[in-house]
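**Student:** Have a look at this one before I ask anything.
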Amino acid sequence: MIPCPVCNAPNHHLAVVCVSCHGFLQGRTENLDLFSTTWEVIERPGRALHMIALARHKNYALFLSAAGGIAMAFALFWLMKAGEVSGSLLNILAAGLLAGPLFGVIILLLTSGLAWGVARVFRLRMTFRNTFATFSYSLVPVVLSMVCVLPIEILTFGQFFFTRNPSPALLKPGAYYILLSLDALFLLWTLILQQFGLRVLLNAGWVKTLLVQCIPLGILAGLLSWGISVLLAIA
Ligand SMILES: [Zn+2]
């Protein structure tokens, strides 16, 4: 809660005008520009996520969730060792590029909905739109890893990046573990941004904020691993 400088009425920390006297509380951006907002997320994440939470239009949130979805699809193919069943690298690439965007949007809608629900259980207030935008812009590092690391992985290992036999870890162990460590760092960066973003939205203690982040991710991981086991059983 923030007090109004004019009438002292308590207002939500992300309110733009006072609920009581309609006085000005804080300025906000109307539209988000993709490149400058993405750059701000990298350079000054706290400020950027606050700006995203206040922005009237959450531009490019859907685009980033779709782009992140492509990265998530390839991560899933790597986990599933999809190269064992797909036949060719071209099939894997086509599947990731075609199904990834929709997959990303669905995953983000689900995560945001779950996080919104968990927040409600703790009697914390955040809008679904803000939750979705925060999670989408938190995907910036994952999208970066897809642009910078994934092409190197595919150029180095080809289809064998996604196979169990031969294992990429045995083909070129040094390159494999360096590339995987880079992926892990980008993923960690995304998780830290999510935490930053949820703190901006919730303005609550770190235990509750961490639970609002981790419970949905845990449920999602459970659902995905169940989905993978079903898919692999069919294949
Ligand atoms: Zn006021």
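Each chain of the structure tokens is named A, B, ... in the order shown, its residues numbered from 1; ligands are numbered from 1 in display order.
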At a cut-off of 7 Å and counting only C-alpha atoms and all ligand atoms, what residues surround ligand 1? Please answer as a compact mmCIF listing (two decimals) with all heavy atoms, in the first residue's frame.

**Tutor:**
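Wrote out.txt, looks like this:
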```txt
# COMPACT_ATOMS: atom_id res chain seq x y z
N CYS A 4 -1.63 8.29 -0.45
CA CYS A 4 -1.78 9.39 -1.40
C CYS A 4 -1.12 10.64 -0.83
O CYS A 4 -1.34 10.97 0.34
CB CYS A 4 -3.26 9.63 -1.66
SG CYS A 4 -3.58 11.13 -2.61
N PRO A 5 -0.28 11.35 -1.60
CA PRO A 5 0.38 12.54 -1.08
C PRO A 5 -0.61 13.69 -0.83
O PRO A 5 -0.30 14.62 -0.08
CB PRO A 5 1.38 12.92 -2.19
CG PRO A 5 0.90 12.25 -3.42
CD PRO A 5 0.13 11.03 -2.99
N VAL A 6 -1.80 13.62 -1.44
CA VAL A 6 -2.78 14.71 -1.28
C VAL A 6 -3.71 14.43 -0.09
O VAL A 6 -3.79 15.22 0.84
CB VAL A 6 -3.61 14.89 -2.59
CG1 VAL A 6 -4.60 16.04 -2.43
CG2 VAL A 6 -2.69 15.14 -3.77
N CYS A 7 -4.39 13.26 -0.15
CA CYS A 7 -5.42 13.01 0.88
C CYS A 7 -5.02 11.92 1.86
O CYS A 7 -5.78 11.61 2.78
CB CYS A 7 -6.75 12.65 0.21
SG CYS A 7 -6.72 11.01 -0.54
N ASN A 8 -3.84 11.31 1.64
CA ASN A 8 -3.31 10.30 2.57
C ASN A 8 -4.07 8.96 2.55
O ASN A 8 -3.81 8.10 3.38
CB ASN A 8 -3.29 10.85 4.00
CG ASN A 8 -1.96 10.52 4.67
OD1 ASN A 8 -0.99 10.18 4.00
ND2 ASN A 8 -1.93 10.61 5.99
N ALA A 9 -4.99 8.80 1.60
CA ALA A 9 -5.72 7.53 1.51
C ALA A 9 -4.76 6.42 1.08
O ALA A 9 -3.87 6.66 0.26
CB ALA A 9 -6.85 7.65 0.50
N CYS A 18 -5.16 8.07 -7.25
CA CYS A 18 -5.70 7.76 -5.92
C CYS A 18 -7.15 7.30 -6.02
O CYS A 18 -7.94 7.86 -6.77
CB CYS A 18 -5.61 9.01 -5.05
SG CYS A 18 -6.42 8.82 -3.46
N VAL A 19 -7.51 6.25 -5.24
CA VAL A 19 -8.89 5.73 -5.27
C VAL A 19 -9.87 6.73 -4.69
O VAL A 19 -11.05 6.74 -5.04
CB VAL A 19 -9.04 4.41 -4.47
CG1 VAL A 19 -8.56 3.23 -5.28
CG2 VAL A 19 -8.33 4.48 -3.14
N SER A 20 -9.36 7.59 -3.80
CA SER A 20 -10.26 8.48 -3.08
C SER A 20 -10.39 9.86 -3.77
O SER A 20 -11.49 10.31 -4.05
CB SER A 20 -9.78 8.58 -1.64
OG SER A 20 -10.14 9.78 -1.06
N CYS A 21 -9.24 10.50 -4.06
CA CYS A 21 -9.32 11.88 -4.61
C CYS A 21 -8.91 11.95 -6.09
O CYS A 21 -8.93 13.02 -6.67
CB CYS A 21 -8.44 12.82 -3.79
SG CYS A 21 -6.67 12.55 -4.06
N HIS A 22 -8.57 10.81 -6.68
CA HIS A 22 -8.14 10.74 -8.09
C HIS A 22 -6.87 11.55 -8.38
O HIS A 22 -6.61 11.91 -9.52
CB HIS A 22 -9.27 11.13 -9.06
CG HIS A 22 -10.47 10.25 -8.90
ND1 HIS A 22 -10.51 8.95 -9.33
CD2 HIS A 22 -11.68 10.49 -8.31
CE1 HIS A 22 -11.69 8.42 -9.02
NE2 HIS A 22 -12.42 9.33 -8.39
N GLY A 23 -6.14 11.87 -7.32
CA GLY A 23 -4.87 12.59 -7.48
C GLY A 23 -3.82 11.71 -8.12
O GLY A 23 -3.90 10.47 -8.05
```

**Student:** Give me the range 36-129 of chain A side of the contact with range 161-166 of chain A, cut-off 6 Å, one line per residue showing its nearest atom pair and distance in Å at one decimal, counting only C-alpha atoms, sorted by chain and residue number, as a Markdown table.

**Tutor:**
```
| residue | atom | partner | partner_atom | distance |
| --- | --- | --- | --- | --- |
| A:Trp78 | CA | A:Phe162 | CA | 4.9 |
| A:Lys81 | CA | A:Phe162 | CA | 4.7 |
| A:Ala82 | CA | A:Phe162 | CA | 5.6 |
| A:Gly83 | CA | A:Phe162 | CA | 4.6 |
| A:Glu84 | CA | A:Thr163 | CA | 5.4 |
```

**Student:** Could the residues in this selection be saved with all heavy atoms as a compact mmCIF listing (two decimals), in the first residue's frame?

**Tutor:**
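Result saved to part31.txt:
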```txt
# COMPACT_ATOMS: atom_id res chain seq x y z
N TRP A 78 14.89 -32.31 -26.18
CA TRP A 78 16.17 -32.77 -25.63
C TRP A 78 15.92 -33.72 -24.45
O TRP A 78 16.54 -34.78 -24.34
CB TRP A 78 16.99 -31.55 -25.18
CG TRP A 78 18.24 -31.90 -24.44
CD1 TRP A 78 19.41 -32.37 -24.96
CD2 TRP A 78 18.41 -31.86 -23.01
NE1 TRP A 78 20.31 -32.61 -23.95
CE2 TRP A 78 19.73 -32.31 -22.76
CE3 TRP A 78 17.61 -31.48 -21.96
CZ2 TRP A 78 20.24 -32.38 -21.47
CZ3 TRP A 78 18.11 -31.55 -20.66
CH2 TRP A 78 19.42 -32.00 -20.44
N LYS A 81 14.65 -37.01 -25.60
CA LYS A 81 15.54 -37.66 -26.58
C LYS A 81 14.74 -37.94 -27.86
O LYS A 81 14.69 -39.08 -28.36
CB LYS A 81 16.15 -38.95 -26.00
CG LYS A 81 16.91 -38.75 -24.69
CD LYS A 81 18.09 -37.83 -24.86
CE LYS A 81 18.68 -37.34 -23.53
NZ LYS A 81 19.36 -36.06 -23.64
N ALA A 82 14.12 -36.87 -28.38
CA ALA A 82 13.20 -37.00 -29.51
C ALA A 82 13.90 -37.51 -30.77
O ALA A 82 13.24 -38.04 -31.67
CB ALA A 82 12.54 -35.65 -29.79
N GLY A 83 15.23 -37.35 -30.85
CA GLY A 83 15.97 -37.82 -32.02
C GLY A 83 15.87 -39.33 -32.21
O GLY A 83 16.06 -39.84 -33.31
N GLU A 84 15.55 -40.05 -31.10
CA GLU A 84 15.43 -41.51 -31.20
C GLU A 84 14.21 -41.92 -32.02
O GLU A 84 14.20 -42.97 -32.63
CB GLU A 84 15.29 -42.11 -29.78
CG GLU A 84 16.46 -41.84 -28.86
CD GLU A 84 17.70 -42.65 -29.21
OE1 GLU A 84 17.54 -43.74 -29.77
OE2 GLU A 84 18.81 -42.19 -28.93
```

**Student:** Which is closer to Leu217 in chain A than all the others in A:Thr38, A:Ser229, A:Thr134, A:Gln194, using only C-alpha atoms?

**Tutor:** A:Gln194

**Student:** Residues at most 7 Å from range 46-61 of chain A, counting only C-alpha atoms, excluding those fewer than 2 positions away in the same chain, as an mmCIF file with N, CA, C and O atoms, in the first residue's frame?

**Tutor:**
```
data_model
loop_
_atom_site.group_PDB
_atom_site.id
_atom_site.type_symbol
_atom_site.label_atom_id
_atom_site.label_comp_id
_atom_site.auth_asym_id
_atom_site.auth_seq_id
_atom_site.Cartn_x
_atom_site.Cartn_y
_atom_site.Cartn_z
ATOM 1 N N LEU A 14 0.642 -0.379 -7.057
ATOM 2 C CA LEU A 14 0.766 -0.180 -8.504
ATOM 3 C C LEU A 14 -0.332 0.762 -9.029
ATOM 4 O O LEU A 14 -0.492 0.895 -10.246
ATOM 5 N N ARG A 28 2.957 6.310 -15.805
ATOM 6 C CA ARG A 28 3.112 5.002 -16.419
ATOM 7 C C ARG A 28 3.285 5.143 -17.931
ATOM 8 O O ARG A 28 2.902 6.142 -18.529
ATOM 9 N N THR A 29 3.874 4.095 -18.513
ATOM 10 C CA THR A 29 4.054 4.043 -19.958
ATOM 11 C C THR A 29 2.750 3.555 -20.573
ATOM 12 O O THR A 29 2.079 2.697 -20.002
ATOM 13 N N GLU A 30 2.400 4.089 -21.727
ATOM 14 C CA GLU A 30 1.204 3.614 -22.424
ATOM 15 C C GLU A 30 1.501 2.302 -23.137
ATOM 16 O O GLU A 30 0.804 1.317 -22.962
ATOM 17 N N ASN A 31 2.569 2.328 -23.967
ATOM 18 C CA ASN A 31 2.931 1.154 -24.775
ATOM 19 C C ASN A 31 4.349 0.703 -24.478
ATOM 20 O O ASN A 31 5.204 1.520 -24.152
ATOM 21 N N LEU A 32 4.580 -0.607 -24.606
ATOM 22 C CA LEU A 32 5.929 -1.148 -24.419
ATOM 23 C C LEU A 32 6.554 -1.376 -25.791
ATOM 24 O O LEU A 32 5.934 -1.978 -26.658
ATOM 25 N N LEU A 34 9.317 -3.301 -27.990
ATOM 26 C CA LEU A 34 9.967 -4.609 -27.812
ATOM 27 C C LEU A 34 11.454 -4.483 -27.483
ATOM 28 O O LEU A 34 11.927 -5.033 -26.498
ATOM 29 N N THR A 37 12.346 -2.273 -24.219
ATOM 30 C CA THR A 37 11.904 -2.942 -22.991
ATOM 31 C C THR A 37 12.762 -4.180 -22.725
ATOM 32 O O THR A 37 13.170 -4.432 -21.591
ATOM 33 N N GLU A 40 16.022 -3.076 -21.400
ATOM 34 C CA GLU A 40 15.850 -2.632 -20.006
ATOM 35 C C GLU A 40 15.743 -3.845 -19.063
ATOM 36 O O GLU A 40 16.282 -3.815 -17.958
ATOM 37 N N VAL A 41 15.068 -4.908 -19.524
ATOM 38 C CA VAL A 41 14.943 -6.131 -18.711
ATOM 39 C C VAL A 41 16.330 -6.711 -18.438
ATOM 40 O O VAL A 41 16.625 -7.206 -17.345
ATOM 41 N N ARG A 44 18.399 -3.225 -16.451
ATOM 42 C CA ARG A 44 17.861 -2.786 -15.159
ATOM 43 C C ARG A 44 16.549 -3.513 -14.899
ATOM 44 O O ARG A 44 15.465 -2.938 -15.047
ATOM 45 N N PHE A 63 3.917 -12.258 -27.954
ATOM 46 C CA PHE A 63 5.027 -12.570 -28.860
ATOM 47 C C PHE A 63 6.166 -13.259 -28.096
ATOM 48 O O PHE A 63 6.716 -14.269 -28.561
ATOM 49 N N LEU A 64 6.516 -12.701 -26.920
ATOM 50 C CA LEU A 64 7.625 -13.290 -26.150
ATOM 51 C C LEU A 64 7.268 -14.679 -25.628
ATOM 52 O O LEU A 64 8.134 -15.562 -25.579
ATOM 53 N N SER A 65 6.000 -14.872 -25.253
ATOM 54 C CA SER A 65 5.612 -16.210 -24.776
ATOM 55 C C SER A 65 5.697 -17.211 -25.927
ATOM 56 O O SER A 65 6.098 -18.356 -25.738
ATOM 57 N N ASN A 130 -1.126 -8.697 -15.683
ATOM 58 C CA ASN A 130 0.210 -8.354 -15.202
ATOM 59 C C ASN A 130 1.052 -9.600 -14.964
ATOM 60 O O ASN A 130 2.248 -9.601 -15.231
ATOM 61 N N ALA A 133 2.159 -10.818 -18.385
ATOM 62 C CA ALA A 133 3.186 -9.940 -18.964
ATOM 63 C C ALA A 133 4.522 -10.119 -18.247
ATOM 64 O O ALA A 133 5.585 -10.173 -18.876
ATOM 65 N N THR A 134 4.476 -10.238 -16.914
ATOM 66 C CA THR A 134 5.704 -10.418 -16.131
ATOM 67 C C THR A 134 6.398 -11.720 -16.497
ATOM 68 O O THR A 134 7.608 -11.752 -16.733
ATOM 69 N N SER A 136 6.038 -13.386 -19.268
ATOM 70 C CA SER A 136 6.491 -13.332 -20.665
ATOM 71 C C SER A 136 7.812 -12.580 -20.783
ATOM 72 O O SER A 136 8.747 -13.050 -21.426
ATOM 73 N N TYR A 137 7.879 -11.404 -20.173
ATOM 74 C CA TYR A 137 9.127 -10.634 -20.259
ATOM 75 C C TYR A 137 10.264 -11.301 -19.474
ATOM 76 O O TYR A 137 11.428 -11.087 -19.770
ATOM 77 N N PHE A 196 11.861 -11.471 -9.282
ATOM 78 C CA PHE A 196 11.875 -9.993 -9.250
ATOM 79 C C PHE A 196 10.498 -9.451 -9.622
ATOM 80 O O PHE A 196 9.957 -8.570 -8.968
ATOM 81 N N GLY A 197 9.957 -9.987 -10.730
ATOM 82 C CA GLY A 197 8.684 -9.509 -11.270
ATOM 83 C C GLY A 197 7.539 -9.761 -10.304
ATOM 84 O O GLY A 197 6.684 -8.890 -10.105
ATOM 85 N N VAL A 200 7.564 -7.312 -7.533
ATOM 86 C CA VAL A 200 6.998 -6.029 -7.960
ATOM 87 C C VAL A 200 5.469 -6.094 -7.893
ATOM 88 O O VAL A 200 4.816 -5.179 -7.401
ATOM 89 N N LEU A 201 4.898 -7.196 -8.390
ATOM 90 C CA LEU A 201 3.442 -7.312 -8.458
ATOM 91 C C LEU A 201 2.817 -7.479 -7.081
ATOM 92 O O LEU A 201 1.774 -6.907 -6.790
#
```

**Student:** Could you tell me which of A:Leu25, A:Val147, A:Val118, A:Ile107 comes closest to Leu210 in chain A if we count only C-alpha atoms?

**Tutor:** A:Val118

**Student:** Do you know which residues are at most 7 Å from range 88-97 of chain A counting only C-alpha atoms, after dropping those on the same chain fewer than 3 positions away, and could you put them as a PyMOL selection string?

**Tutor:** chain A and resi 70+73-74+100+158-159

**Student:** Just C-alpha atoms for this one: save the residues we selected as a compact mmCIF listing (two decimals), in the first residue's frame.

**Tutor:**
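Produced file result.txt, reproduced below:
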```txt
# COMPACT_ATOMS: atom_id res chain seq x y z
CA ILE A 70 10.04 -22.51 -29.29
CA ALA A 73 9.80 -27.14 -27.19
CA PHE A 74 13.46 -27.82 -28.05
CA GLY A 100 6.60 -24.14 -30.12
CA GLY A 158 22.96 -32.10 -35.41
CA GLN A 159 20.32 -34.70 -34.66
```

**Student:** Neighbours of Gln213 in chain A within 8 Å (only C-alpha atoms; same-chain residues fewer than 2 positions away dropped), as a PyMOL selection string?

**Tutor:** chain A and resi 115+194-195+198+209-211+215-217

**Student:** For those residues, write C-alpha atoms to a file as a CSV table (one decimal), in the first residue's frame.

**Tutor:**
```
chain,number,residue,atom,x,y,z
A,115,ALA,CA,0.4,-18.2,-9.9
A,194,GLN,CA,10.3,-14.1,-12.5
A,195,GLN,CA,11.0,-13.7,-8.8
A,198,LEU,CA,6.4,-11.3,-8.8
A,209,THR,CA,6.5,-14.7,-3.3
A,210,LEU,CA,8.7,-17.8,-3.7
A,211,LEU,CA,5.7,-20.0,-3.1
A,215,ILE,CA,4.0,-24.0,-6.7
A,216,PRO,CA,2.9,-23.3,-10.3
A,217,LEU,CA,6.3,-24.3,-11.7
```

**Student:** Check the smallest atom-to-atom distance from each of A:Leu108, A:Leu202, A:Leu179, A:Val149 to Met126 in chain A using only C-alpha atoms, then report the winner.

**Tutor:**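 The shortest atom-to-atom distance to Met126 in chain A comes from A:Leu202.
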
**Student:** Give the alpha helix (DSSP H) residues of range 7-140 of chain A, as assigned by DSSP on the backbone, as a ChimeraX atom specification.

**Tutor:** /A:34-43,45-54,61-80,83-86,89-121,128-138,140

**Student:** Give the answer as one residue: which of A:Phe186, A:Val230, A:Met146, A:Ile219 has the shortest atom-to-atom distance to Ala71 in chain A, using only C-alpha atoms?

**Tutor:** A:Met146

**Student:** Would you mind reading off the distance between CA of Phe160 in chain A and CA of Leu76 in chain A, one decimal, in Å?

**Tutor:**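 Interatomic distance here is 14.7 Å.
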
**Student:** From a DSSP pass on the backbone, collect the residues of chain A flagged as strand (DSSP E) and hand them back as a list in words.

**Tutor:**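 Result set for chain A (strand (DSSP E)): Ile2, Pro3, Pro10 and Asn11 of chain A.
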
**Student:** Counting only C-alpha atoms, which of A:Gln26, A:Ser86, A:Ser145, A:Thr156 gets nearest to Leu185 in chain A?

**Tutor:**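 Under the stated criterion, the closest residue is A:Ser145.
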